[in-house]
>>> print(open('query_8.pdb').read())   # PDB, C-alpha atoms, pLDDT in the B column
ATOM      1  CA  LEU O 844     119.657 115.938  78.371  1.00 45.00           C
ATOM      2  CA  LEU O 845     122.417 115.503  80.909  1.00 47.00           C
ATOM      3  CA  ARG O 846     124.926 118.048  79.686  1.00 52.00           C
ATOM      4  CA  PHE O 847     127.959 119.416  81.477  1.00 50.00           C
ATOM      5  CA  GLY O 848     130.892 121.694  80.671  1.00 54.00           C
ATOM      6  CA  GLU O 849     133.573 120.106  78.513  1.00 56.00           C
ATOM      7  CA  ASN O 850     136.369 120.369  81.066  1.00 59.00           C
ATOM      8  CA  GLU O 851     134.496 119.943  84.298  1.00 69.00           C
ATOM      9  CA  PRO O 852     133.309 116.703  85.874  1.00 74.00           C
ATOM     10  CA  PRO O 853     129.589 116.320  86.493  1.00 75.00           C
ATOM     11  CA  ASN O 854     128.436 117.592  89.866  1.00 82.00           C
ATOM     12  CA  PRO O 855     126.507 114.836  91.744  1.00 87.00           C
ATOM     13  CA  ASP O 856     123.873 117.367  92.837  1.00 87.00           C
ATOM     14  CA  ASP O 857     123.313 118.421  89.204  1.00 84.00           C
ATOM     15  CA  ILE O 858     122.960 114.804  88.154  1.00 86.00           C
ATOM     16  CA  GLU O 859     120.407 114.122  90.912  1.00 90.00           C
ATOM     17  CA  ARG O 860     118.429 117.268  90.039  1.00 89.00           C
ATOM     18  CA  LYS O 861     118.322 116.387  86.348  1.00 86.00           C
ATOM     19  CA  VAL O 862     117.354 112.770  87.002  1.00 88.00           C
ATOM     20  CA  ALA O 863     114.586 113.913  89.387  1.00 91.00           C
ATOM     21  CA  GLY O 864     113.323 116.271  86.683  1.00 89.00           C
ATOM     22  CA  ARG O 865     113.169 113.477  84.133  1.00 86.00           C
ATOM     23  CA  ILE O 866     111.354 111.164  86.537  1.00 89.00           C
ATOM     24  CA  GLY O 867     108.887 113.953  87.274  1.00 89.00           C
ATOM     25  CA  ARG O 868     108.223 114.518  83.566  1.00 85.00           C
ATOM     26  CA  GLN O 869     107.701 110.787  83.051  1.00 85.00           C
ATOM     27  CA  ALA O 870     105.154 110.763  85.892  1.00 87.00           C
ATOM     28  CA  LEU O 871     103.083 113.369  84.022  1.00 88.00           C
ATOM     29  CA  LEU O 872     102.199 110.721  81.448  1.00 87.00           C
ATOM     30  CA  SER O 873     100.394 108.536  83.980  1.00 87.00           C
ATOM     31  CA  ARG O 874      98.316 111.187  85.767  1.00 89.00           C
ATOM     32  CA  ASP O 875      94.647 111.919  85.134  1.00 88.00           C
ATOM     33  CA  ALA O 876      94.209 114.147  82.084  1.00 87.00           C
ATOM     34  CA  ALA O 877      97.754 113.313  81.014  1.00 89.00           C
ATOM     35  CA  PRO O 878      99.113 115.132  77.972  1.00 91.00           C
ATOM     36  CA  HIS O 879      99.527 113.271  74.701  1.00 93.00           C
ATOM     37  CA  LEU O 880     103.128 112.538  73.764  1.00 94.00           C
ATOM     38  CA  HIS O 881     104.068 111.644  70.199  1.00 95.00           C
ATOM     39  CA  VAL O 882     107.710 110.626  69.831  1.00 95.00           C
ATOM     40  CA  VAL O 883     109.532 109.723  66.646  1.00 97.00           C
ATOM     41  CA  LEU O 884     112.974 108.153  67.064  1.00 95.00           C
ATOM     42  CA  GLY O 885     115.589 107.211  64.530  1.00 95.00           C
ATOM     43  CA  GLU O 886     116.466 103.506  64.503  1.00 96.00           C
ATOM     44  CA  ALA O 887     120.002 104.364  65.608  1.00 94.00           C
ATOM     45  CA  VAL O 888     118.558 105.375  68.993  1.00 93.00           C
ATOM     46  CA  ILE O 889     117.378 101.828  69.627  1.00 94.00           C
ATOM     47  CA  ARG O 890     120.315 100.026  68.021  1.00 93.00           C
ATOM     48  CA  GLN O 891     123.418 101.865  69.250  1.00 93.00           C
ATOM     49  CA  MET O 892     124.625 100.377  72.516  1.00 91.00           C
ATOM     50  CA  VAL O 893     124.737 102.892  75.331  1.00 89.00           C
ATOM     51  CA  GLY O 894     125.626 101.239  78.615  1.00 87.00           C
ATOM     52  CA  SER O 895     125.522  97.530  79.273  1.00 91.00           C
ATOM     53  CA  THR O 896     123.327  95.052  77.436  1.00 93.00           C
ATOM     54  CA  ALA O 897     121.055  94.844  80.503  1.00 92.00           C
ATOM     55  CA  VAL O 898     120.686  98.633  80.713  1.00 92.00           C
ATOM     56  CA  MET O 899     120.011  98.934  77.000  1.00 94.00           C
ATOM     57  CA  ARG O 900     117.420  96.146  77.090  1.00 94.00           C
ATOM     58  CA  ARG O 901     115.654  97.771  80.046  1.00 93.00           C
ATOM     59  CA  GLN O 902     115.545 101.086  78.166  1.00 93.00           C
ATOM     60  CA  LEU O 903     113.982  99.404  75.134  1.00 94.00           C
ATOM     61  CA  VAL O 904     111.420  97.589  77.281  1.00 93.00           C
ATOM     62  CA  THR O 905     110.547 100.872  79.005  1.00 92.00           C
ATOM     63  CA  LEU O 906     110.033 102.542  75.621  1.00 93.00           C
ATOM     64  CA  TRP O 907     107.851  99.639  74.473  1.00 93.00           C
ATOM     65  CA  GLU O 908     105.786  99.784  77.696  1.00 93.00           C
ATOM     66  CA  SER O 909     105.364 103.547  77.356  1.00 91.00           C
ATOM     67  CA  ALA O 910     104.190 103.115  73.772  1.00 93.00           C
ATOM     68  CA  GLN O 911     101.342 100.914  75.049  1.00 93.00           C
ATOM     69  CA  ARG O 912      99.761 103.865  76.882  1.00 93.00           C
ATOM     70  CA  GLU O 913      96.713 105.473  75.278  1.00 93.00           C
ATOM     71  CA  ASN O 914      98.278 108.914  75.481  1.00 94.00           C
ATOM     72  CA  VAL O 915     101.642 107.931  73.980  1.00 95.00           C
ATOM     73  CA  THR O 916     102.417 107.376  70.311  1.00 97.00           C
ATOM     74  CA  LEU O 917     105.893 106.111  69.500  1.00 97.00           C
ATOM     75  CA  GLN O 918     107.227 105.681  65.984  1.00 98.00           C
ATOM     76  CA  VAL O 919     110.629 104.712  64.649  1.00 97.00           C
ATOM     77  CA  VAL O 920     112.211 105.924  61.429  1.00 97.00           C
ATOM     78  CA  PRO O 921     114.009 102.806  60.159  1.00 97.00           C
ATOM     79  CA  PHE O 922     117.451 102.837  58.602  1.00 96.00           C
ATOM     80  CA  SER O 923     115.768 101.737  55.364  1.00 96.00           C
ATOM     81  CA  ALA O 924     114.026 105.152  55.119  1.00 95.00           C
ATOM     82  CA  GLY O 925     117.348 106.669  54.074  1.00 94.00           C
ATOM     83  CA  ALA O 926     117.676 110.448  54.151  1.00 93.00           C
ATOM     84  CA  HIS O 927     114.691 112.188  55.772  1.00 93.00           C
ATOM     85  CA  PRO O 928     113.900 115.628  57.242  1.00 90.00           C
ATOM     86  CA  GLY O 929     114.802 114.528  60.777  1.00 90.00           C
ATOM     87  CA  LEU O 930     118.474 113.933  60.046  1.00 89.00           C
ATOM     88  CA  PRO O 931     119.656 117.491  60.747  1.00 87.00           C
ATOM     89  CA  GLY O 932     118.687 117.091  64.394  1.00 87.00           C
ATOM     90  CA  ALA O 933     116.001 116.774  67.001  1.00 90.00           C
ATOM     91  CA  PHE O 934     113.108 119.151  67.293  1.00 92.00           C
ATOM     92  CA  THR O 935     110.008 119.411  69.437  1.00 93.00           C
ATOM     93  CA  ILE O 936     106.603 120.875  68.738  1.00 94.00           C
ATOM     94  CA  LEU O 937     104.590 121.857  71.788  1.00 93.00           C
ATOM     95  CA  THR O 938     100.869 122.171  71.098  1.00 92.00           C
ATOM     96  CA  PHE O 939      98.676 124.105  73.504  1.00 91.00           C
ATOM     97  CA  ASP O 940      95.096 123.303  72.507  1.00 88.00           C
ATOM     98  CA  ALA O 941      93.577 125.662  75.084  1.00 88.00           C
ATOM     99  CA  TYR O 942      95.437 128.578  73.517  1.00 89.00           C
ATOM    100  CA  LYS O 943      95.270 127.285  69.942  1.00 90.00           C
ATOM    101  CA  MET O 944      98.998 127.721  69.542  1.00 93.00           C
ATOM    102  CA  GLN O 945     102.180 125.801  68.863  1.00 95.00           C
ATOM    103  CA  ILE O 946     105.786 126.492  69.751  1.00 95.00           C
ATOM    104  CA  GLY O 947     108.736 124.788  68.100  1.00 95.00           C
ATOM    105  CA  TYR O 948     111.966 123.988  69.900  1.00 93.00           C
ATOM    106  CA  THR O 949     115.247 122.837  68.466  1.00 90.00           C
ATOM    107  CA  GLU O 950     118.634 122.294  70.021  1.00 83.00           C
ATOM    108  CA  GLY O 951     122.121 121.858  68.694  1.00 79.00           C
ATOM    109  CA  PRO O 952     125.780 122.490  69.476  1.00 80.00           C
ATOM    110  CA  GLY O 953     125.172 126.233  69.267  1.00 80.00           C
ATOM    111  CA  GLY O 954     122.382 126.210  71.838  1.00 82.00           C
ATOM    112  CA  HIS O 955     118.617 126.036  71.764  1.00 87.00           C
ATOM    113  CA  ILE O 956     116.010 128.012  69.877  1.00 92.00           C
ATOM    114  CA  TYR O 957     112.301 128.503  70.504  1.00 93.00           C
ATOM    115  CA  LEU O 958     110.314 129.044  67.312  1.00 93.00           C
ATOM    116  CA  GLU O 959     107.177 131.064  67.916  1.00 94.00           C
ATOM    117  CA  SER O 960     106.330 132.880  64.674  1.00 94.00           C
ATOM    118  CA  ALA O 961     103.645 131.336  62.473  1.00 93.00           C
ATOM    119  CA  VAL O 962     106.152 131.024  59.598  1.00 95.00           C
ATOM    120  CA  ASP O 963     108.748 129.211  61.743  1.00 93.00           C
ATOM    121  CA  VAL O 964     106.162 126.894  63.312  1.00 94.00           C
ATOM    122  CA  SER O 965     104.733 126.141  59.872  1.00 94.00           C
ATOM    123  CA  GLY O 966     108.217 125.219  58.628  1.00 93.00           C
ATOM    124  CA  ILE O 967     108.867 122.866  61.519  1.00 93.00           C
ATOM    125  CA  ASN O 968     105.447 121.266  60.978  1.00 94.00           C
ATOM    126  CA  VAL O 969     106.375 120.600  57.335  1.00 95.00           C
ATOM    127  CA  ARG O 970     109.568 118.954  58.595  1.00 94.00           C
ATOM    128  CA  ARG O 971     107.504 116.930  61.090  1.00 95.00           C
ATOM    129  CA  GLY O 972     105.261 115.728  58.254  1.00 96.00           C
ATOM    130  CA  GLY O 973     108.269 114.458  56.316  1.00 96.00           C
ATOM    131  CA  VAL O 974     109.598 112.618  59.346  1.00 96.00           C
ATOM    132  CA  LEU O 975     106.202 111.007  60.003  1.00 97.00           C
ATOM    133  CA  LYS O 976     106.018 109.933  56.371  1.00 97.00           C
ATOM    134  CA  ALA O 977     109.374 108.148  56.758  1.00 97.00           C
ATOM    135  CA  ALA O 978     108.443 106.516  60.077  1.00 97.00           C
ATOM    136  CA  LEU O 979     106.997 103.091  60.666  1.00 98.00           C
ATOM    137  CA  SER O 980     103.460 102.867  62.027  1.00 98.00           C
ATOM    138  CA  PRO O 981     103.122 102.681  65.831  1.00 97.00           C
ATOM    139  CA  SER O 982     102.479  98.916  65.687  1.00 96.00           C
ATOM    140  CA  GLU O 983     105.434  98.310  63.343  1.00 97.00           C
ATOM    141  CA  SER O 984     107.581 100.485  65.620  1.00 97.00           C
ATOM    142  CA  ALA O 985     106.523  98.481  68.697  1.00 95.00           C
ATOM    143  CA  ALA O 986     107.497  95.278  66.881  1.00 95.00           C
ATOM    144  CA  LEU O 987     110.906  96.771  66.007  1.00 96.00           C
ATOM    145  CA  LEU O 988     111.443  97.799  69.651  1.00 95.00           C
ATOM    146  CA  GLN O 989     110.541  94.306  70.810  1.00 93.00           C
ATOM    147  CA  ASP O 990     112.871  92.759  68.222  1.00 93.00           C
ATOM    148  CA  ALA O 991     115.722  95.038  69.338  1.00 94.00           C
ATOM    149  CA  ALA O 992     115.131  94.150  73.007  1.00 93.00           C
ATOM    150  CA  ASP O 993     114.889  90.424  72.217  1.00 92.00           C
ATOM    151  CA  SER O 994     118.141  90.544  70.252  1.00 91.00           C
ATOM    152  CA  LEU O 995     119.919  91.741  73.411  1.00 90.00           C
ATOM    153  CA  VAL O 996     118.759  88.689  75.352  1.00 78.00           C
ATOM    154  CA  ASN O 997     120.562  86.396  72.923  1.00 60.00           C
ATOM    155  CA  GLU O 998     123.898  88.187  73.252  1.00 57.00           C
TER     156      GLU O 998
END
>>> encode(input="query_8.pdb", output="structure tokens")
Amino acid sequence: LLRFGENEPPNPDDIERKVAGRIGRQALLSRDAAPHLHVVLGEAVIRQMVGSTAVMRRQLVTLWESAQRENVTLQVVPFSAGAHPGLPGAFTILTFDAYKMQIGYTEGPGGHIYLESAVDVSGINVRRGGVLKAALSPSESAALLQDAADSLVNE
């Protein structure tokens, strides 16, 4: 997340540092013994124009290409799913198999919270289950991504 103070312009060094961090995290997915990444996005993420048509199309193609990796699962919750447990905001569940533990993470306007207690992690896993139930399958999601990218070519 590239986030800056409300009244201050972004510092170019901060932007470079944050971009380098993101590129580094993306590189983790292509290394040997790469972690598994399971991402569920709302359809608005792939439909709302952010940047130019060319930039948006490239982002969608990159998502589609990433979803083709063995260690990446990408699903989209379509608009047709209506209200679902993911609407209140994004959350992340980090699973550490070696330690047999999970940590939840959520972020909002008030800041970020790490959820470590078994009760909190259980609650976020219930929420995750509801979101997955509302989501398209990985293959249906890939088709939706491709359709969204193709629609930008015709504009």
>>> axis_aligned_box(input="query_8.pdb", around="range 856-866 of chain O", padding_each_side="5 Å", output="lines of an AutoDock Vina configuration file")
center_x = 117.6
center_y = 114.8
center_z = 88.5
size_x = 22.5
size_y = 17.3
size_z = 18.7
>>> closest_residue(input="query_8.pdb", among="O:Val898, O:Leu975, O:Val962, O:Ala986", to="Val920 in chain O", atoms="only C-alpha atoms")
O:Leu975
>>> closest_residue(input="query_8.pdb", among="O:Leu917, O:Ala977, O:Val969, O:Ala992", to="Leu880 in chain O", atoms="all atoms listed in the file")
O:Leu917
>>> resolve_selection(input="query_8.pdb", expression="the PyMOL selection byres ((chain O and resi 927) around 8)", output="PyMOL selection string")
chain O and resi 924-926+928-930+973-974+977
>>> resolve_selection(input="query_8.pdb", expression="the PyMOL selection byres ((chain O and resi 912) around 12)", output="ChimeraX atom specification")
/O:872-874,877-881,905-911,913-917,981,985
>>> resolve_selection(input="query_8.pdb", expression="the PyMOL selection byres ((chain O and resi 949) around 10)", output="PyMOL selection string")
chain O and resi 932-936+947-948+950-951+954-958+967
>>> closest_residue(input="query_8.pdb", among="O:Glu859, O:Val882, O:Ser923, O:Pro931", to="Pro952 in chain O", atoms="all atoms listed in the file")
O:Pro931
>>> residues_near_point(input="query_8.pdb", point="(99.2, 132.9, 66.4)", cutoff="12 Å", atoms="all atoms listed in the file", output="JSON, numbers by chain")
{"O": [938, 939, 942, 943, 944, 945, 946, 958, 959, 960, 961, 962, 963, 964, 965]}
>>> atom_distance(input="query_8.pdb", atom1="CA of Gly864 in chain O", atom2="CA of Glu886 in chain O")
25.8 Å
>>> atom_distance(input="query_8.pdb", atom1="CA of Ala978 in chain O", atom2="CA of Val919 in chain O")
5.4 Å
>>> atom_distance(input="query_8.pdb", atom1="CA of Arg901 in chain O", atom2="CA of Pro852 in chain O")
26.5 Å
>>> build_atoms(input="query_8.pdb", residues="range 896-914 of chain O", atoms="N, CA and C atoms", output="JSON list (two decimals), in the coordinates of the input")
[["chain", "number", "residue", "atom", "x", "y", "z"],
["O", 896, "THR", "N", 124.42, 95.72, 78.12],
["O", 896, "THR", "CA", 123.33, 95.05, 77.44],
["O", 896, "THR", "C", 122.07, 95.09, 78.29],
["O", 897, "ALA", "N", 122.22, 94.85, 79.60],
["O", 897, "ALA", "CA", 121.06, 94.84, 80.50],
["O", 897, "ALA", "C", 120.40, 96.22, 80.57],
["O", 898, "VAL", "N", 121.22, 97.27, 80.65],
["O", 898, "VAL", "CA", 120.69, 98.63, 80.71],
["O", 898, "VAL", "C", 119.98, 98.96, 79.40],
["O", 899, "MET", "N", 120.60, 98.63, 78.30],
["O", 899, "MET", "CA", 120.01, 98.93, 77.00],
["O", 899, "MET", "C", 118.69, 98.19, 76.82],
["O", 900, "ARG", "N", 118.66, 96.92, 77.22],
["O", 900, "ARG", "CA", 117.42, 96.15, 77.09],
["O", 900, "ARG", "C", 116.32, 96.76, 77.94],
["O", 901, "ARG", "N", 116.66, 97.17, 79.16],
["O", 901, "ARG", "CA", 115.65, 97.77, 80.05],
["O", 901, "ARG", "C", 115.11, 99.07, 79.44],
["O", 902, "GLN", "N", 115.98, 99.85, 78.82],
["O", 902, "GLN", "CA", 115.54, 101.09, 78.17],
["O", 902, "GLN", "C", 114.56, 100.78, 77.03],
["O", 903, "LEU", "N", 114.86, 99.77, 76.25],
["O", 903, "LEU", "CA", 113.98, 99.40, 75.13],
["O", 903, "LEU", "C", 112.64, 98.89, 75.64],
["O", 904, "VAL", "N", 112.67, 98.09, 76.69],
["O", 904, "VAL", "CA", 111.42, 97.59, 77.28],
["O", 904, "VAL", "C", 110.59, 98.75, 77.83],
["O", 905, "THR", "N", 111.25, 99.70, 78.47],
["O", 905, "THR", "CA", 110.55, 100.87, 79.00],
["O", 905, "THR", "C", 109.90, 101.67, 77.88],
["O", 906, "LEU", "N", 110.61, 101.85, 76.78],
["O", 906, "LEU", "CA", 110.03, 102.54, 75.62],
["O", 906, "LEU", "C", 108.82, 101.78, 75.10],
["O", 907, "TRP", "N", 108.96, 100.47, 74.97],
["O", 907, "TRP", "CA", 107.85, 99.64, 74.47],
["O", 907, "TRP", "C", 106.65, 99.76, 75.41],
["O", 908, "GLU", "N", 106.88, 99.67, 76.72],
["O", 908, "GLU", "CA", 105.79, 99.78, 77.70],
["O", 908, "GLU", "C", 105.12, 101.15, 77.61],
["O", 909, "SER", "N", 105.91, 102.20, 77.47],
["O", 909, "SER", "CA", 105.36, 103.55, 77.36],
["O", 909, "SER", "C", 104.50, 103.68, 76.11],
["O", 910, "ALA", "N", 104.93, 103.04, 75.03],
["O", 910, "ALA", "CA", 104.19, 103.12, 73.77],
["O", 910, "ALA", "C", 102.83, 102.42, 73.86],
["O", 911, "GLN", "N", 102.62, 101.60, 74.88],
["O", 911, "GLN", "CA", 101.34, 100.91, 75.05],
["O", 911, "GLN", "C", 100.29, 101.81, 75.71],
["O", 912, "ARG", "N", 100.70, 102.94, 76.25],
["O", 912, "ARG", "CA", 99.76, 103.86, 76.88],
["O", 912, "ARG", "C", 98.87, 104.51, 75.82],
["O", 913, "GLU", "N", 97.64, 104.82, 76.20],
["O", 913, "GLU", "CA", 96.71, 105.47, 75.28],
["O", 913, "GLU", "C", 97.19, 106.85, 74.86],
["O", 914, "ASN", "N", 97.87, 107.53, 75.74],
["O", 914, "ASN", "CA", 98.28, 108.91, 75.48],
["O", 914, "ASN", "C", 99.70, 109.03, 74.92]]
